[in-house]
Amino acid sequence: MGEGIGRRAVLSVTLAVPFLASTRMAFAQSQTGDSAIDADGLHRLSIAVIGPRADDRLLAQAYHAAFMEIEPSFLLRAASLAAAMKTQNLSTPEAFSASALAQDPVQRATAVGLTAAWYLGHVEHDVDHGQPVAFEKALMWGPTSDIMVTPSYARGGPDYWARQTAQIEKG
Amino acid sequence: MGRSMMKISVALALVALSAAPALAQDQSEIVRGKVLTTEGDCVACHTAPGGTPFAGGLPFKTPMGTIYSPNITPDKDTGIGTWTDAEFLRALHQGIGKNGEHLYPAFPYTSFAAISDGDVAAIKAYLFSLKPVHQQNTPNEMVFPYNIRSLMIGWNLLNFHPETIDPVTERGKYVADALEHCAECHSPRGLTMGVESGKYLAGATVDGWTAYNITSDPDHGIGTWSVDDIKTYLKTGNLPGKAQAAGPMGEVIVNSTSHMPDADLTALAEYLKTVHGQADGAAGRSAMGGPVGSGEALTGYRATQGKGASEGEVLFTAACSTCHGTGGAGEGSGVLPSLYHNSVTGADTPNNLALAVLNGVKRGTAFNDASMPAFRDEFSDEQVAAVTDYVRKTFGNAANPITVQQVSDLRNDVTPPAAISVLMRWAEIAAGIVAVLVVLAIVILVLRRRRV
Amino acid sequence: MAEYDADVIVVGSGVMGGLTAYTLALQGKSVILLEAGPRVPRWKTVERFRNLVDVTDYNAPYPDLDYAPRQGSVDYIQHTGPVKFGAGFLKLVGGTTWHWGGATWRFLPHDMKLKSTYGVGRDFPISYEELEPFYGHAEREIGVNGNSAYDESGRNGGKTFPPRSTPYPMEAQTFNYMNKTMQQTLDGASYWTIQEPNCRASRPYAERPTCVGNNNCMPICPIGAQYSGDRHVTRAEKLGAKVIPGAVVYKIDKGPGGKITAVHYLTPEGETHQLTAKAFVMAAHALETPKILLMSDVANSSDQVGRNLMDHLGFNLIMTSKDALWPGTGPVQQNAILNDRDGPQRSHYASLKHQVGNEAPNVPVARYLLGKGVLQPQLDEQIRHMSARWMNFNTNLEQLPDPVNRIKLSPKKDKLGLPKPDVYYSVGEYEARTQAKVINETYPAFQRLFGGTVLSIVSDWQPQDHQMGTCIMGDDARTSVVDKDCRSWDHSNLFIMGTQTLPASSSVNPTLTGAALTLRAAAILAKEV
């Protein structure tokens, strides 16, 4: 079935992901002298906001290029977030989320936008349009990958799914 | 039940009782014969694709013509139902058919000659217990002069040197040489196309497939494999982190070695560990390569956006990585094998990998069900070559990249998958002709001298 | 020069066209198979899928070409009714079964005698008993796995139903943890849960490897373990059939005696071609087949061509369960709850099938959480927690044939200058009443059984891509388009193959029934050419 179960269900429960929120505010900030973040900076920021699973330089470069293509001003906001985190010496997701910075709506939206890119594997204008970067390496699969499949990839031979009961019940 | 009926029943019961010991004895002979027939893997060659087991009809295509395996069910018209014990023994031990005709050495009597008389009788007892199948043999289509069976006399003179192996004290060698006839595929052929002396089990090419070096050499053979490793491989076709069977060896495992009694499997494995090591083929074929690291692994994005991705990378990412993983790790059980530490990608010849891509893998045993789709309808020769080279270069042995022509040959000369293709030793037959001519020449010379 | 270009020309290279061409080619007939779309290898679709922005759009990996628009193509279908008809079809060699859940159900005897049993809808002109051997044939061709002992009527009668003369060719695939656990809970509450028969290989079958549960049956089985229509197209080609991709049929010629004499097609570049044959088969899906017939004024003396458009009406309950059930392992759909599939209530309520989807839910879960602004270090844990509990109940409901639901020719033209389809689609009281009952009674029961927290009840009708009825089959030339042999009442050498001939929709996926009718008709046709 084509447009059936999956997509309609997705659209029915999901909210807009704020990839591109607060662009105007970001633009305003850029007037204050921040310059756009470079790929290495985005790589470091990603590790600080997301954690070690975002430590992939090649992917960071690809996300950087995708933001450049879809919404270059995001790279200004990212520079602003990176600068603020550096000032406050925040270098882990735990530290960031516990900080006042994470309550700042603009900075938080930037963190969510960056996280969304890594988790969904793309930078998007909307649900249909954007720049794909990774599928298998999108971070959304990781939290379930000890049991679930990353769709289209094999995780075992025939009937592996019938042999997971013990593992699942163990927790 | 009327009285007369009861009498008949009682009589029948008595007959059955008196016959019971004999039947039991026959039965155990048949069971023993079944084990031996399986170890000899007779079914592989004597069954046409999709045909009835043992009813023959499998073609062996050669440049000299096509041979069809015969019906060996006990049908009296078309099978071997009228063969005597002596005729059956003569066929296995001497390569001579029911009517005294010489058999082509596609039939490995060169190996079967070492099967004991008792075991041959048990094999016959088993074959005669099968349901007779009325299926006419397909006549061979051999071109002159290879259609002259007596030429085999010359070939035999040169190449047929039957040995005696004690089925009890030399069990492993007996299983390897007499029953499983490993050397028919795994030993290379010399100039006269006889088994090269001193190169026993050092590896050879058979109908496009490489039968690897299985001597005890730790680098080139399987010397690093433990007895249990060898047993696991022969039982399941799957030795994770070292080798998985496909093609003719996959067939051997499915039809034969996966059913072998454990004692024979152990004897065979222990024997292979004693076979004199040979340095033929790639060193360390089952230990080559490693996983592709995170930073280097392709995302779909890189492949399709053409960021320097070769056609081989694109095809690997789209097709192969689905089961073998983007990093080539497969999954742990080896049913979907890793592409590194895999004798097929680590070998110094690309043909087995290309054949697996073209024809897929079907290796179902009681222990696992390994099946890989065939890509022959989906990939062009160029694409098969590209993906074969990419996988070997990335995960295994980059030596001897495959050519498009090689792929095309492998695609078109594909042998029937069920065949354990015993090498058709046509050059040997040619040598046999020469030998006959030489003998004739000598005879003529002798006769001339006498006249003088 | 030969009198004809081929013995038979088949329009459409999906599962029905492929089965027809294969059946004919096997008997030595010359066949030309015309396909509007291109030929695309499986790996290419897999690669396109992995490079989508929205991987939940099952159409997106497939070509959408101006000369061969697919489902979801912008402005192709012109919607004129109260309900948008999201018709599902792909245009490429192999057709729409490139993306399907692979469900291969038989209809029940009552499904085929709806009018005479329950007083609603229409009857098939053929009985279950007469079609039964062809169901078996279709199961073997398509390669179906299932449990031959099941009562598939949903009434848990404890014996095989509907009756079958041959077992499923493959053993049923095993249930995953979610399905096993769910089955215990549902069976305990007398919601009988069975395994859905499907066309994934549970052992190597024909050219297909064993399914390894890559959870991607839709939009593309990446390894070809699941059947798709290209299989029989390829087999037909190996037997000598000729396939012409990029052949957009736009006209059918009538000759003396009501015989069809030729078809005309356009290439993507707009070149016209004509082909002649002894007989013709239309297998171009429930939308394009009537469109081509209407454009040619063919087979329509009954005025039923394009009418009686049916789909299964779909709606969903999406919730999270109290306990972790772990969907997302193995194939994407395995179960079916069939309590209301059959019974006297069908006089008033539509037949129903419920199913709990097994797709890995990470995309909607991640979007949901990101939309709420959840960040690390909480995000990973919440994705895991929610994904493990995700339950998507999908309900399919039988739609009755109604002549007002129809496809007509739109005045708007496509790139090749051919009319676009104009679709009037509505849903009747019978169906709406059934949906209300499910949402008010059944969904709350499911929610209670699993301690569920409802995320969404998607009650707008969702297309299930099971279009039926537009070339309806019957036993009266005045009220139907084809007879029980799939033969046009108006043209003795024109056959229409596929689910567009079904006069009743049941609540189960119609492909196997279409395939059984097709194989039966193809055997009849093979004797005539």
# chains A, B, ... in the order shown; residues from 1 in each chain; ligands from 1
>>> residues_around(residues="Ala299 (chain C)", least_positions_apart="3", cutoff="12 Å", atoms="only C-alpha atoms", output="VMD selection string")
chain C and resid 252 to 254 258 to 260 282 289 to 296 302 to 306 470 to 472 477 to 483 486 to 496
>>> closest_atom_pairs(of="chain C", to="chain A", cutoff="7 Å", atoms="only C-alpha atoms", output="Markdown table")
| residue | atom | partner | partner_atom | distance |
| --- | --- | --- | --- | --- |
| C:Arg50 | CA | A:Phe135 | CA | 5.6 |
| C:Asn51 | CA | A:Pro132 | CA | 5.8 |
| C:Leu52 | CA | A:Pro132 | CA | 6.2 |
| C:Val53 | CA | A:Pro132 | CA | 5.5 |
| C:Asp54 | CA | A:Asp128 | CA | 5.7 |
| C:Thr56 | CA | A:Arg7 | CA | 4.9 |
| C:Asp57 | CA | A:Arg7 | CA | 5.6 |
| C:Tyr58 | CA | A:Gly2 | CA | 4.8 |
| C:Asn59 | CA | A:Gly2 | CA | 5.4 |
| C:Gly88 | CA | A:Gly2 | CA | 5.7 |
| C:His99 | CA | A:Met1 | CA | 6.2 |
| C:Trp100 | CA | A:Met1 | CA | 5.0 |
| C:Gly101 | CA | A:Met1 | CA | 6.9 |
| C:Thr174 | CA | A:Ala162 | CA | 6.2 |
| C:Phe175 | CA | A:Ala162 | CA | 6.2 |
| C:Asn176 | CA | A:Ala162 | CA | 4.9 |
| C:Tyr177 | CA | A:Thr165 | CA | 5.8 |
| C:Thr210 | CA | A:Pro158 | CA | 6.5 |
| C:Cys211 | CA | A:Pro158 | CA | 6.0 |
| C:Val212 | CA | A:Pro158 | CA | 4.4 |
| C:Gly213 | CA | A:Ala154 | CA | 6.8 |
| C:Asn214 | CA | A:Ser152 | CA | 4.8 |
| C:Asn215 | CA | A:Pro151 | CA | 5.1 |
| C:Asn216 | CA | A:Ser152 | CA | 5.0 |
| C:Pro222 | CA | A:Ser152 | CA | 5.9 |
| C:Gly328 | CA | A:Met148 | CA | 5.1 |
| C:Thr329 | CA | A:Met148 | CA | 5.1 |
| C:Gly330 | CA | A:Trp161 | CA | 5.4 |
| C:Ala360 | CA | A:Met148 | CA | 6.8 |
| C:Asn362 | CA | A:Met140 | CA | 6.2 |
| C:Pro364 | CA | A:Val10 | CA | 4.9 |
| C:Ala366 | CA | A:Met140 | CA | 6.4 |
| C:Arg367 | CA | A:Thr14 | CA | 5.7 |
| C:Tyr368 | CA | A:Thr14 | CA | 4.4 |
| C:Leu370 | CA | A:Val17 | CA | 6.0 |
| C:Gly371 | CA | A:Val17 | CA | 4.6 |
| C:Gly373 | CA | A:Val112 | CA | 6.2 |
| C:Leu375 | CA | A:Val112 | CA | 6.5 |
| C:Gln376 | CA | A:Ile50 | CA | 5.7 |
| C:Pro377 | CA | A:Pro93 | CA | 5.8 |
| C:Asp380 | CA | A:Pro143 | CA | 5.4 |
| C:Glu381 | CA | A:Pro143 | CA | 6.9 |
| C:Ile383 | CA | A:Pro143 | CA | 6.5 |
| C:Arg384 | CA | A:Pro143 | CA | 5.2 |
| C:Leu455 | CA | A:Val13 | CA | 6.4 |
| C:Ser456 | CA | A:Val13 | CA | 6.2 |
| C:Val458 | CA | A:Ser12 | CA | 6.9 |
| C:Gln462 | CA | A:Gly4 | CA | 6.3 |
| C:Pro463 | CA | A:Gly4 | CA | 5.9 |
| C:Gln464 | CA | A:Gly4 | CA | 5.7 |
| C:Asp465 | CA | A:Met1 | CA | 5.4 |
>>> select_by_dssp(residues="region 30-111 of chain A", states="helix (DSSP H, G or I)", output="PyMOL selection string")
chain A and resi 30+39-50+52-54+57-70+73-87+93-98+100-103+105-111
>>> interface_residues(of="chain B", to="chain C", cutoff="8 Å", atoms="only C-alpha atoms", output="list in words")
Gly300, Tyr301, Thr304, Leu315, Thr317, Ala318, Ala319, Thr322, Lys362, Asp369, Ala370, Ser371, Met372, Pro373, Ala374 and Glu378 of chain B
>>> write_last_selection(atoms="all heavy atoms", output="mmCIF file, in the first residue's frame")
data_model
loop_
_atom_site.group_PDB
_atom_site.id
_atom_site.type_symbol
_atom_site.label_atom_id
_atom_site.label_comp_id
_atom_site.auth_asym_id
_atom_site.auth_seq_id
_atom_site.Cartn_x
_atom_site.Cartn_y
_atom_site.Cartn_z
ATOM 1 N N GLY B 300 23.995 6.150 2.288
ATOM 2 C CA GLY B 300 23.287 6.144 1.018
ATOM 3 C C GLY B 300 23.498 7.456 0.298
ATOM 4 O O GLY B 300 23.616 7.519 -0.917
ATOM 5 N N TYR B 301 23.573 8.529 1.074
ATOM 6 C CA TYR B 301 23.742 9.849 0.506
ATOM 7 C C TYR B 301 24.986 9.922 -0.350
ATOM 8 O O TYR B 301 24.948 10.314 -1.506
ATOM 9 C CB TYR B 301 23.823 10.864 1.646
ATOM 10 C CG TYR B 301 24.204 12.248 1.212
ATOM 11 C CD1 TYR B 301 23.300 13.034 0.508
ATOM 12 C CD2 TYR B 301 25.455 12.774 1.508
ATOM 13 C CE1 TYR B 301 23.647 14.307 0.107
ATOM 14 C CE2 TYR B 301 25.805 14.043 1.111
ATOM 15 C CZ TYR B 301 24.901 14.822 0.406
ATOM 16 O OH TYR B 301 25.245 16.066 0.012
ATOM 17 N N THR B 304 24.603 7.782 -3.685
ATOM 18 C CA THR B 304 23.758 8.254 -4.786
ATOM 19 C C THR B 304 24.097 9.655 -5.224
ATOM 20 O O THR B 304 23.848 10.019 -6.347
ATOM 21 C CB THR B 304 22.277 8.256 -4.409
ATOM 22 O OG1 THR B 304 22.161 8.779 -3.144
ATOM 23 C CG2 THR B 304 21.684 6.887 -4.496
ATOM 24 N N LEU B 315 26.590 -0.021 -5.959
ATOM 25 C CA LEU B 315 25.879 -1.305 -5.970
ATOM 26 C C LEU B 315 26.030 -2.029 -4.628
ATOM 27 O O LEU B 315 25.080 -2.613 -4.116
ATOM 28 C CB LEU B 315 26.396 -2.194 -7.105
ATOM 29 C CG LEU B 315 26.078 -1.677 -8.511
ATOM 30 C CD1 LEU B 315 26.813 -2.513 -9.555
ATOM 31 C CD2 LEU B 315 24.574 -1.711 -8.764
ATOM 32 N N THR B 317 26.394 -0.627 -1.738
ATOM 33 C CA THR B 317 25.563 0.079 -0.761
ATOM 34 C C THR B 317 24.089 -0.250 -0.954
ATOM 35 O O THR B 317 23.359 -0.469 0.010
ATOM 36 C CB THR B 317 25.773 1.600 -0.914
ATOM 37 O OG1 THR B 317 27.171 1.854 -0.846
ATOM 38 C CG2 THR B 317 25.087 2.362 0.183
ATOM 39 N N ALA B 318 23.653 -0.313 -2.206
ATOM 40 C CA ALA B 318 22.238 -0.526 -2.467
ATOM 41 C C ALA B 318 21.832 -1.986 -2.283
ATOM 42 O O ALA B 318 20.754 -2.272 -1.781
ATOM 43 C CB ALA B 318 21.904 -0.081 -3.887
ATOM 44 N N ALA B 319 22.684 -2.891 -2.692
ATOM 45 C CA ALA B 319 22.278 -4.302 -2.701
ATOM 46 C C ALA B 319 22.951 -5.105 -1.584
ATOM 47 O O ALA B 319 22.279 -5.644 -0.706
ATOM 48 C CB ALA B 319 22.593 -4.918 -4.062
ATOM 49 N N THR B 322 22.633 -4.502 2.470
ATOM 50 C CA THR B 322 21.359 -4.856 3.091
ATOM 51 C C THR B 322 21.517 -6.029 4.059
ATOM 52 O O THR B 322 21.017 -5.992 5.175
ATOM 53 C CB THR B 322 20.337 -5.202 1.986
ATOM 54 O OG1 THR B 322 20.079 -4.014 1.249
ATOM 55 C CG2 THR B 322 19.058 -5.758 2.556
ATOM 56 N N LYS B 362 22.059 -21.053 -2.243
ATOM 57 C CA LYS B 362 20.945 -21.773 -1.608
ATOM 58 C C LYS B 362 21.583 -22.901 -0.836
ATOM 59 O O LYS B 362 22.041 -23.865 -1.426
ATOM 60 C CB LYS B 362 20.025 -22.355 -2.684
ATOM 61 C CG LYS B 362 18.659 -21.714 -2.760
ATOM 62 C CD LYS B 362 17.787 -22.494 -3.739
ATOM 63 C CE LYS B 362 16.873 -21.531 -4.476
ATOM 64 N NZ LYS B 362 15.985 -22.208 -5.414
ATOM 65 N N ASP B 369 19.483 -22.001 7.329
ATOM 66 C CA ASP B 369 18.917 -21.802 6.003
ATOM 67 C C ASP B 369 19.566 -20.546 5.438
ATOM 68 O O ASP B 369 19.211 -19.445 5.807
ATOM 69 C CB ASP B 369 17.392 -21.636 6.150
ATOM 70 C CG ASP B 369 16.733 -21.121 4.878
ATOM 71 O OD1 ASP B 369 17.403 -21.061 3.835
ATOM 72 O OD2 ASP B 369 15.542 -20.788 4.937
ATOM 73 N N ALA B 370 20.594 -20.755 4.641
ATOM 74 C CA ALA B 370 21.283 -19.610 4.062
ATOM 75 C C ALA B 370 20.867 -19.481 2.612
ATOM 76 O O ALA B 370 21.003 -20.424 1.839
ATOM 77 C CB ALA B 370 22.790 -19.804 4.162
ATOM 78 N N SER B 371 20.298 -18.343 2.269
ATOM 79 C CA SER B 371 19.965 -18.140 0.864
ATOM 80 C C SER B 371 20.251 -16.702 0.484
ATOM 81 O O SER B 371 19.947 -15.791 1.232
ATOM 82 C CB SER B 371 18.508 -18.500 0.576
ATOM 83 O OG SER B 371 17.623 -17.805 1.427
ATOM 84 N N MET B 372 20.897 -16.559 -0.639
ATOM 85 C CA MET B 372 21.218 -15.226 -1.155
ATOM 86 C C MET B 372 20.579 -15.109 -2.524
ATOM 87 O O MET B 372 20.602 -16.059 -3.296
ATOM 88 C CB MET B 372 22.747 -15.092 -1.253
ATOM 89 C CG MET B 372 23.217 -13.912 -2.077
ATOM 90 S SD MET B 372 25.019 -13.696 -1.945
ATOM 91 C CE MET B 372 25.328 -12.777 -3.459
ATOM 92 N N PRO B 373 19.962 -13.961 -2.797
ATOM 93 C CA PRO B 373 19.339 -13.832 -4.124
ATOM 94 C C PRO B 373 20.378 -13.831 -5.240
ATOM 95 O O PRO B 373 21.506 -13.382 -5.044
ATOM 96 C CB PRO B 373 18.607 -12.493 -4.053
ATOM 97 C CG PRO B 373 19.198 -11.748 -2.908
ATOM 98 C CD PRO B 373 19.769 -12.772 -1.966
ATOM 99 N N ALA B 374 19.972 -14.309 -6.396
ATOM 100 C CA ALA B 374 20.822 -14.254 -7.586
ATOM 101 C C ALA B 374 20.647 -12.880 -8.233
ATOM 102 O O ALA B 374 19.530 -12.389 -8.341
ATOM 103 C CB ALA B 374 20.415 -15.353 -8.561
ATOM 104 N N GLU B 378 19.492 -8.897 -12.632
ATOM 105 C CA GLU B 378 19.444 -7.501 -12.207
ATOM 106 C C GLU B 378 20.718 -6.741 -12.581
ATOM 107 O O GLU B 378 20.666 -5.541 -12.829
ATOM 108 C CB GLU B 378 19.235 -7.465 -10.688
ATOM 109 C CG GLU B 378 18.661 -6.179 -10.184
ATOM 110 C CD GLU B 378 18.223 -6.299 -8.721
ATOM 111 O OE1 GLU B 378 17.803 -7.390 -8.293
ATOM 112 O OE2 GLU B 378 18.326 -5.302 -8.017
#
>>> residues_around(residues="Arg44 (chain A)", least_positions_apart="5", cutoff="12 Å", atoms="only C-alpha atoms", output="list of chain:residue names")
A:Ile37, A:Asp38, A:Ala39, A:Val49, A:Ile50, A:Gly51, A:Pro52, A:Arg53, A:Ala54, A:Asp55, A:Asp56, A:Arg57, A:Ala60, A:Gln61, A:His64, A:Ala78, A:Ala79, A:Leu81, A:Ala82, A:Ala83, A:Met85, A:Lys86, A:Leu90, A:Ser91, A:Thr92, A:Leu114
>>> atom_distance(atom1="CA of Lys393 (chain B)", atom2="CA of Val361 (chain B)")
21.4 Å
>>> select_by_dssp(residues="region 18-128 of chain C", states="strand (DSSP E)", output="list in words")
Val31, Ile32, Leu33, Leu34, Gln78 and His79 of chain C
